[in-house]
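Novice: work-v6.txt is the file, holding compact mmCIF, C-alpha atoms:
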```txt
# COMPACT_ATOMS: atom_id res chain seq x y z
CA MET I 20 91.22 86.16 87.16
CA SER I 21 94.47 86.70 88.95
CA SER I 22 96.68 83.67 89.50
CA ILE I 23 97.58 84.56 93.07
CA PRO I 24 95.50 82.54 95.55
CA GLY I 25 93.36 84.59 97.88
CA SER I 26 93.35 87.61 95.60
CA SER I 27 90.46 89.39 93.92
CA SER I 28 89.52 89.68 90.28
CA CYS I 29 90.59 93.32 89.91
CA GLU I 30 92.23 94.36 86.68
CA VAL I 31 95.92 94.80 87.55
CA GLY I 32 97.59 94.64 84.14
CA ALA I 33 99.42 92.14 81.99
CA LYS I 34 102.18 90.98 84.30
CA PRO I 35 101.38 89.25 87.59
CA LEU I 36 101.86 91.05 90.88
CA TRP I 37 104.26 89.84 93.53
CA ARG I 38 102.86 87.52 96.13
CA PRO I 39 101.67 89.54 99.15
CA HIS I 40 104.33 88.12 101.49
CA ALA I 41 107.14 88.92 99.04
CA ALA I 42 105.94 92.52 98.60
CA GLY I 43 105.53 92.71 102.39
CA VAL I 44 109.14 91.63 103.00
CA LEU I 45 110.46 94.32 100.62
CA LEU I 46 108.19 96.91 102.22
CA GLY I 47 109.34 95.85 105.71
CA LEU I 48 113.01 96.04 104.73
CA GLY I 49 112.44 99.50 103.20
CA LEU I 50 110.72 100.58 106.41
CA LEU I 51 113.57 99.18 108.53
CA LEU I 52 116.08 101.03 106.32
CA THR I 53 114.09 104.23 106.88
CA PHE I 54 114.17 103.77 110.67
CA VAL I 55 117.92 103.08 110.85
CA LEU I 56 118.73 106.01 108.56
CA THR I 57 116.34 108.64 109.95
CA GLY I 58 114.91 107.46 113.28
CA HIS I 59 111.35 107.66 111.97
CA GLY I 60 109.20 105.65 109.58
CA LEU I 61 107.55 106.20 106.22
CA GLY I 62 104.58 108.51 105.71
CA GLY I 63 102.01 110.00 103.41
CA SER I 64 99.76 112.52 105.09
CA GLY I 65 102.67 114.58 106.46
CA PHE I 66 103.23 115.69 102.88
CA THR I 67 99.58 116.36 102.04
CA THR I 68 99.30 118.43 105.22
CA ALA I 69 102.33 120.52 104.23
CA LEU I 70 100.90 120.94 100.73
CA ALA I 71 97.51 121.94 102.15
CA ALA I 72 99.14 124.54 104.41
CA LYS I 73 101.31 125.91 101.59
CA SER I 74 98.47 126.06 99.05
CA ALA I 75 96.18 127.73 101.60
CA GLN I 76 98.91 130.31 102.23
CA VAL I 77 99.19 131.06 98.49
CA VAL I 78 95.41 131.53 98.13
CA ALA I 79 94.70 133.27 101.45
CA PRO I 80 97.91 134.30 103.27
CA ALA I 81 96.32 136.29 106.08
CA ALA I 82 93.71 133.68 106.94
CA THR I 83 96.28 130.87 106.81
CA GLU I 84 98.72 132.66 109.10
CA ALA I 85 95.87 133.39 111.53
CA ASN I 86 94.64 129.78 111.46
CA SER I 87 95.44 127.90 114.65
CA TYR I 88 96.38 124.70 112.78
CA PHE I 89 98.21 126.01 109.70
CA GLY I 90 99.59 129.19 111.34
CA GLY I 91 102.58 127.57 113.02
CA MET I 92 103.56 125.76 109.82
CA VAL I 93 103.87 128.94 107.74
CA GLU I 94 104.90 131.57 110.30
CA GLU I 95 108.08 133.63 109.88
CA GLY I 96 108.46 132.73 106.22
CA ARG I 97 108.66 129.04 106.98
CA ASN I 98 107.97 126.66 104.09
CA PRO I 99 106.28 123.46 105.31
CA LEU I 100 107.26 121.68 102.08
CA ASP I 101 110.95 122.06 102.92
CA ALA I 102 110.99 118.71 104.71
CA TRP I 103 112.19 115.10 104.41
CA ILE I 104 108.61 113.89 103.76
CA THR I 105 108.41 115.93 100.55
CA TRP I 106 111.43 114.10 99.11
CA GLN I 107 110.10 110.78 100.37
CA VAL I 108 106.79 111.30 98.52
CA ILE I 109 108.70 112.29 95.35
CA GLY I 110 110.62 109.02 95.83
CA VAL I 111 107.32 107.13 96.21
CA ALA I 112 106.07 108.68 92.96
CA PHE I 113 109.21 107.62 91.06
CA GLY I 114 109.25 104.16 92.66
CA ALA I 115 105.61 103.62 91.69
CA LEU I 116 106.24 104.90 88.15
CA ILE I 117 109.26 102.60 87.71
CA GLY I 118 107.19 99.71 89.07
CA ALA I 119 104.23 100.38 86.79
CA LEU I 120 106.32 100.94 83.66
CA SER I 121 108.62 97.95 84.18
CA ALA I 122 105.65 95.62 84.66
CA ARG I 123 103.79 97.23 81.73
CA ARG I 124 101.00 98.19 84.09
CA PHE I 125 101.07 101.93 83.36
CA LYS I 126 97.73 102.88 81.82
CA ILE I 127 96.00 106.24 81.82
CA GLN I 128 92.45 105.57 82.95
CA LEU I 129 89.72 106.77 85.25
CA ASP I 130 89.55 103.75 87.54
CA GLY I 131 87.24 103.54 90.53
CA PRO I 132 83.91 101.93 91.40
CA GLY I 133 83.10 99.93 88.26
CA ALA I 134 79.32 100.27 88.58
CA LEU I 135 79.52 104.07 88.27
CA GLY I 136 80.04 106.38 85.30
CA LYS I 137 82.73 109.04 85.09
CA PRO I 138 81.01 111.72 87.25
CA GLY I 139 80.23 109.14 89.93
CA ARG I 140 83.81 107.85 90.01
CA ILE I 141 85.21 111.36 90.31
CA ALA I 142 82.73 112.21 93.08
CA MET I 143 83.57 109.04 95.03
CA ALA I 144 87.32 109.62 94.74
CA LEU I 145 86.96 113.24 95.83
CA VAL I 146 84.68 112.49 98.80
CA GLY I 147 86.81 109.51 99.83
CA GLY I 148 89.93 111.66 99.71
CA MET I 149 88.29 114.35 101.81
CA VAL I 150 87.15 111.88 104.46
CA ALA I 151 90.58 110.19 104.53
CA GLY I 152 92.41 113.54 104.62
CA PHE I 153 90.25 114.81 107.48
CA GLY I 154 90.65 111.53 109.35
CA ALA I 155 94.42 111.40 108.95
CA ARG I 156 94.67 114.84 110.62
CA ILE I 157 92.52 113.75 113.54
CA SER I 158 94.85 110.80 114.21
CA LEU I 159 98.09 112.67 113.37
CA GLY I 160 98.95 110.09 110.73
CA CYS I 161 97.59 107.81 108.03
CA THR I 162 97.89 104.15 107.05
CA SER I 163 101.60 104.60 106.33
CA GLY I 164 102.76 106.93 109.07
CA LEU I 165 100.68 105.58 111.95
CA GLY I 166 99.33 102.19 110.84
CA LEU I 167 102.45 100.76 109.21
CA SER I 168 105.32 102.73 110.77
CA GLY I 169 103.71 103.04 114.20
CA ALA I 170 102.84 99.35 114.43
CA ALA I 171 106.39 98.43 113.35
CA THR I 172 107.68 100.11 116.54
CA LEU I 173 104.99 98.10 118.40
CA ALA I 174 103.36 101.42 119.35
CA THR I 175 99.90 101.01 120.86
CA ALA I 176 98.83 103.98 118.71
CA GLY I 177 99.60 102.08 115.50
CA PHE I 178 97.36 99.17 116.49
CA VAL I 179 94.54 101.41 117.79
CA PHE I 180 94.62 103.21 114.43
CA LEU I 181 94.64 99.93 112.46
CA GLY I 182 91.68 98.65 114.51
CA GLY I 183 89.63 101.74 113.66
CA PHE I 184 90.81 101.58 110.04
CA PHE I 185 89.84 97.97 109.41
CA ILE I 186 86.53 98.05 111.33
CA SER I 187 85.36 101.23 109.60
CA GLY I 188 86.76 100.07 106.27
CA ALA I 189 84.81 96.81 106.54
CA VAL I 190 81.56 98.62 107.41
CA PHE I 191 81.88 101.13 104.56
CA GLY I 192 83.29 98.41 102.31
CA LEU I 193 80.11 96.37 102.75
CA LEU I 194 77.93 99.47 102.22
CA THR I 195 79.72 100.28 98.96
CA ARG I 196 80.28 96.72 97.74
CA ARG I 197 77.74 96.92 94.91
CA LEU I 198 79.55 99.91 93.42
CA TRP I 199 82.96 98.21 93.19
CA LYS I 200 82.09 95.56 90.65
CA MET E 5 128.30 102.97 115.44
CA THR E 6 124.66 103.04 116.48
CA PHE E 7 121.56 103.69 114.44
CA PRO E 8 119.66 105.82 113.57
CA ILE E 9 122.42 107.83 111.95
CA GLY E 10 120.38 110.96 111.26
CA PHE E 11 120.68 110.63 107.48
CA ASP E 12 117.48 112.53 106.70
CA GLY E 13 118.15 114.82 103.78
CA ILE E 14 117.04 114.84 100.15
CA LEU E 15 118.87 111.65 99.14
CA SER E 16 117.54 109.78 102.17
CA GLY E 17 113.95 110.80 101.38
CA LEU E 18 114.26 109.86 97.72
CA LEU E 19 115.85 106.48 98.51
CA CYS E 20 113.36 105.43 101.20
CA GLY E 21 110.44 106.68 99.10
CA LEU E 22 111.66 104.82 96.04
CA VAL E 23 111.63 101.46 97.84
CA PHE E 24 108.25 102.28 99.41
CA GLY E 25 106.58 103.25 96.12
CA PHE E 26 108.04 100.30 94.23
CA ALA E 27 106.93 97.79 96.88
CA LEU E 28 103.41 99.24 96.98
CA GLU E 29 103.18 99.03 93.18
CA ARG E 30 104.40 95.42 93.10
CA ALA E 31 101.83 94.55 95.78
CA GLY E 32 99.09 95.85 93.48
CA PHE E 33 98.26 98.82 95.70
CA ALA E 34 98.03 101.19 92.74
CA SER E 35 94.54 99.74 92.22
CA GLY E 36 91.66 101.12 94.28
CA CYS E 37 89.69 98.04 93.28
CA LYS E 38 92.32 95.77 94.86
CA LEU E 39 92.71 97.93 97.98
CA THR E 40 88.97 98.05 98.65
CA ALA E 41 88.59 94.33 97.86
CA GLN E 42 90.32 93.75 101.23
CA LEU E 43 87.57 95.74 102.91
CA ARG E 44 84.99 93.50 101.21
CA PHE E 45 87.01 90.42 102.34
CA GLN E 46 87.56 89.35 98.72
CA ASP E 47 91.32 89.91 98.73
CA TRP E 48 93.73 89.65 101.67
CA ALA E 49 96.72 91.36 100.11
CA VAL E 50 96.41 94.57 102.17
CA PHE E 51 96.39 92.65 105.45
CA ASN E 52 99.12 90.19 104.43
CA VAL E 53 101.44 92.82 102.93
CA MET E 54 101.03 95.23 105.86
CA PHE E 55 101.37 92.59 108.55
CA THR E 56 104.41 91.03 106.88
CA ALA E 57 106.07 94.45 106.56
CA ILE E 58 105.29 95.34 110.19
CA LEU E 59 106.77 92.03 111.39
CA VAL E 60 109.91 92.23 109.24
CA CYS E 61 110.61 95.76 110.45
CA ALA E 62 109.67 95.08 114.09
CA VAL E 63 111.83 91.94 114.28
CA GLY E 64 114.64 93.81 112.53
CA LEU E 65 114.51 96.64 115.07
CA TYR E 66 114.35 94.09 117.92
CA VAL E 67 117.43 92.18 116.71
CA LEU E 68 119.39 95.37 116.01
CA ARG E 69 118.55 96.64 119.48
CA LEU E 70 119.65 93.37 121.12
CA ALA E 71 122.89 93.61 119.15
CA GLY E 72 123.36 97.10 120.51
CA LEU E 73 123.16 98.62 117.05
CA VAL E 74 119.94 100.61 117.46
CA ASP E 75 119.12 103.08 120.23
CA MET E 76 115.32 102.91 120.52
CA GLU E 77 115.38 106.19 122.47
CA GLN E 78 116.21 107.82 119.14
CA VAL E 79 113.40 106.05 117.26
CA TYR E 80 110.07 107.84 116.96
CA ILE E 81 107.20 105.95 118.62
CA PRO E 82 103.80 107.66 118.32
CA THR E 83 101.56 108.28 121.34
CA THR E 84 97.91 107.18 121.54
CA TYR E 85 95.16 109.74 122.03
CA LEU E 86 92.38 107.22 122.30
CA TRP E 87 89.54 109.12 120.62
CA ALA E 88 91.68 110.83 118.01
CA THR E 89 93.79 107.80 117.08
CA ALA E 90 90.77 105.51 116.74
CA LEU E 91 88.48 108.05 115.01
CA GLY E 92 91.25 109.03 112.61
CA GLY E 93 91.57 105.37 111.67
CA VAL E 94 87.79 105.26 111.18
CA GLY E 95 88.03 108.24 108.81
CA VAL E 96 90.94 106.83 106.78
CA GLY E 97 89.21 103.42 106.57
CA ALA E 98 85.92 104.98 105.41
CA GLY E 99 87.80 107.17 102.93
CA MET E 100 89.49 104.13 101.41
CA ALA E 101 86.20 102.19 101.14
CA ILE E 102 84.54 105.19 99.42
CA GLY E 103 87.35 106.52 97.25
CA GLY E 104 89.69 103.54 96.87
CA TYR E 105 92.96 104.78 98.38
CA CYS E 106 94.79 106.22 101.36
CA PRO E 107 97.21 109.17 101.17
CA GLY E 108 100.28 107.14 100.14
CA THR E 109 98.53 104.77 97.74
CA SER E 110 96.72 107.62 95.96
CA VAL E 111 100.17 108.79 94.77
CA VAL E 112 101.01 105.24 93.66
CA GLY E 113 97.67 104.95 91.83
CA PHE E 114 98.15 108.25 90.04
CA MET E 115 101.71 107.38 89.01
CA SER E 116 100.41 104.17 87.44
CA GLY E 117 98.09 106.30 85.30
CA ARG E 118 94.93 106.37 87.43
CA ILE E 119 93.15 109.74 87.29
CA ASP E 120 90.99 108.76 90.27
CA GLY E 121 94.19 108.54 92.34
CA LEU E 122 94.88 112.20 91.54
CA VAL E 123 91.28 113.16 92.35
CA PHE E 124 91.56 111.32 95.69
CA PHE E 125 94.81 113.19 96.40
CA ILE E 126 93.10 116.55 95.70
CA GLY E 127 90.32 115.40 98.04
CA ILE E 128 92.90 114.84 100.80
CA ILE E 129 94.11 118.43 100.42
CA ALA E 130 90.50 119.67 100.62
CA GLY E 131 89.85 117.47 103.67
CA THR E 132 92.94 118.93 105.35
CA TRP E 133 91.66 122.47 104.70
CA LEU E 134 88.33 121.50 106.31
CA PHE E 135 90.21 120.05 109.29
CA ALA E 136 92.21 123.28 109.70
CA GLY E 137 88.95 125.24 109.63
CA ALA E 138 87.43 123.02 112.31
CA TYR E 139 90.62 122.71 114.40
CA ASP E 140 89.61 124.92 117.34
CA PHE E 141 86.26 123.15 117.59
CA LEU E 142 87.90 119.69 117.44
CA LEU E 143 90.79 120.39 119.81
CA PRO E 144 89.19 119.06 123.04
CA MET E 145 88.49 115.74 121.30
CA LEU E 146 91.96 115.59 119.73
CA GLU E 147 93.67 115.83 123.10
CA ALA E 148 91.23 113.65 125.05
CA LEU E 149 92.30 110.42 126.77
CA PRO E 150 96.04 110.53 126.04
CA GLY E 151 97.89 107.30 126.71
CA PRO E 152 101.40 107.10 128.19
CA GLU E 153 103.89 108.79 125.87
CA ALA E 154 105.31 106.49 123.18
CA GLN E 155 103.66 103.44 124.74
CA THR E 156 104.19 100.06 123.10
CA LEU E 157 101.96 96.98 123.19
CA SER E 158 104.59 95.27 125.32
CA GLU E 159 104.44 98.06 127.92
CA LEU E 160 100.63 98.02 127.81
CA ALA E 161 100.50 94.25 128.39
CA GLY E 162 103.51 94.18 130.74
CA VAL E 163 105.33 91.53 128.74
CA PRO E 164 108.71 91.45 126.96
CA ASP E 165 108.82 92.57 123.32
CA TRP E 166 109.50 89.06 122.06
CA VAL E 167 106.16 87.86 123.44
CA VAL E 168 104.35 90.51 121.37
CA LEU E 169 106.42 89.61 118.31
CA VAL E 170 105.57 85.91 118.70
CA ALA E 171 101.87 86.75 119.13
CA LEU E 172 101.84 88.99 116.05
CA THR E 173 103.70 86.33 114.05
CA ALA E 174 101.06 83.79 115.06
CA VAL E 175 98.25 86.11 113.89
CA ALA E 176 100.05 86.79 110.60
CA ALA E 177 100.75 83.09 110.03
CA ILE E 178 97.17 82.01 110.76
CA VAL E 179 95.61 84.68 108.52
CA GLY E 180 98.25 84.09 105.85
CA TRP E 181 97.68 80.33 105.92
CA PHE E 182 93.92 80.64 105.53
CA THR E 183 93.97 83.39 102.91
CA ALA E 184 96.87 82.24 100.74
CA ARG E 185 94.96 79.09 99.78
CA PRO E 186 93.02 78.81 96.54
CA LYS E 187 89.35 79.62 96.82
CA ALA E 188 87.05 76.62 97.17
CA THR E 189 84.93 77.82 94.29
CA ALA E 190 86.20 79.30 91.07
```
Could I get this file's structure written as structure tokens?
Specialist:
Amino acid sequence: MSSIPGSSSCEVGAKPLWRPHAAGVLLGLGLLLTFVLTGHGLGGSGFTTALAAKSAQVVAPAATEANSYFGGMVEEGRNPLDAWITWQVIGVAFGALIGALSARRFKIQLDGPGALGKPGRIAMALVGGMVAGFGARISLGCTSGLGLSGAATLATAGFVFLGGFFISGAVFGLLTRRLWK
Amino acid sequence: MTFPIGFDGILSGLLCGLVFGFALERAGFASGCKLTAQLRFQDWAVFNVMFTAILVCAVGLYVLRLAGLVDMEQVYIPTTYLWATALGGVGVGAGMAIGGYCPGTSVVGFMSGRIDGLVFFIGIIAGTWLFAGAYDFLLPMLEALPGPEAQTLSELAGVPDWVVLVALTAVAAIVGWFTARPKATA
């Protein structure tokens, strides 16, 4: 059982996590730094979209260039991965690795819904990723880019997104609650 | 000197990302179990971390703007497309409840050793391909009901920014006060 009040019994490793408000202050300061340096916030799905466009181009160049969504990203020899968001996601990866290693939380494992075996966990992660990836393109942003960064500018869009996110998350969270034990 | 300063190259991306990834890891957001526990109302870390971060950044931008140090005209504020913005949130929320992560946290999960984080990430790429395939069909919905460009809550409600900041602080404080207390039963 975790020692932090109001937290769940998930396995998070040997060392305790930071209290939510402490982690939130660091995250907020990092986000503020990002805004004053670049004029925009932090993101996630901007990178996965670029990677999807680039990988589609490698596999099927003609179809990708003809596609109305990906076409503009790869036309005239353009490389969608040549962007700030790519370096930001590499930074996220290193920051997370440093965090996990320094707290001795790094552990190679197939985590996921505890009530399921390996095939079930892989299937849930894959389907969940597909739904989230599709959704993040509909809204032009994900939890980071629209929910967090948008709301920090007080944008209506950020709060509309977060409303949809939490309501849907709660509904599907209750439907899947027996699997996450 | 006024911000933003347009420092948006490789070093900028690495630096901002480093802080972001480290903070998410320290919050426990490498764990799909912990992230989805919020959606089952067993753990309030996602709400408390996000709301705290939003407030710290929003108040910071407000103070810097009052001090004449930030030009908000140069800061990107997204625009609402009512159906698309809300339905996208519905998709990302459902995806997290099913698979455990969102795009950013799947990277954090994988970098802490979780294979399911990588699988989720691959799923995002596949979901983006599906979206690209369905783009022409979806386009009318994506562009439906656009709100005013770069509209803020303050503009929507017709109140000064500080009123919105006070209201959001009140929400964060009330939720934080109730959820940061030990559970009644062990």
Novice: The residues within 9 Å of (90.8, 102.4, 87.4), using only C-alpha atoms and the coordinates of the file, should be reported as a list in words; which are they?
Specialist: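 The distance filter leaves exactly Glu30, Lys126, Ile127, Gln128, Leu129, Asp130, Gly131, Pro132 and Gly133 of chain I; Ser35, Gly36, Cys37, Gly113, Gly117, Arg118, Ile119, Asp120 and Gly121 of chain E.
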Novice: Using only C-alpha atoms for the distances, tell me which of E:Cys106, E:Val168, E:Val67, E:Ala154 is nearest to Leu28 (chain E).
Specialist: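 Nearest candidate to Leu28 (chain E) out of E:Cys106, E:Val168, E:Val67, E:Ala154: E:Cys106.
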Novice: As an exercise, work out the distance from CA of Cys61 (chain E) to CA of Leu51 (chain I) in Å and give it to one decimal place.
Specialist: 4.9 Å
Novice: Find the residues around Ala90 (chain E) up to 8 Å (only C-alpha atoms counted), leave out those fewer than 2 positions away in its own chain, and share them as a list in words.
Specialist: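 Surrounding residues, per the criterion: Ser158, Val179, Phe180, Gly182, Gly183 and Phe184 of chain I; Leu86, Trp87, Ala88, Gly92, Gly93 and Val94 of chain E.
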Novice: Using all atoms listed in the file and a cutoff of 8 Å, can you tell me which residues are near (101.3, 108.4, 97.3) in the file's coordinates, and write them out as a list in words?
Specialist: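 Returned residue set, sorted by chain then number, is Gly63, Val108, Val111 and Ala112 of chain I; Gly25, Cys106, Pro107, Gly108, Thr109, Ser110, Val111, Val112, Gly113 and Phe114 of chain E.
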Novice: One number please: CA of Thr57 (chain I) to CA of Phe11 (chain E), in Å, one decimal.
Specialist: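 These two atoms are separated by 5.4 Å.
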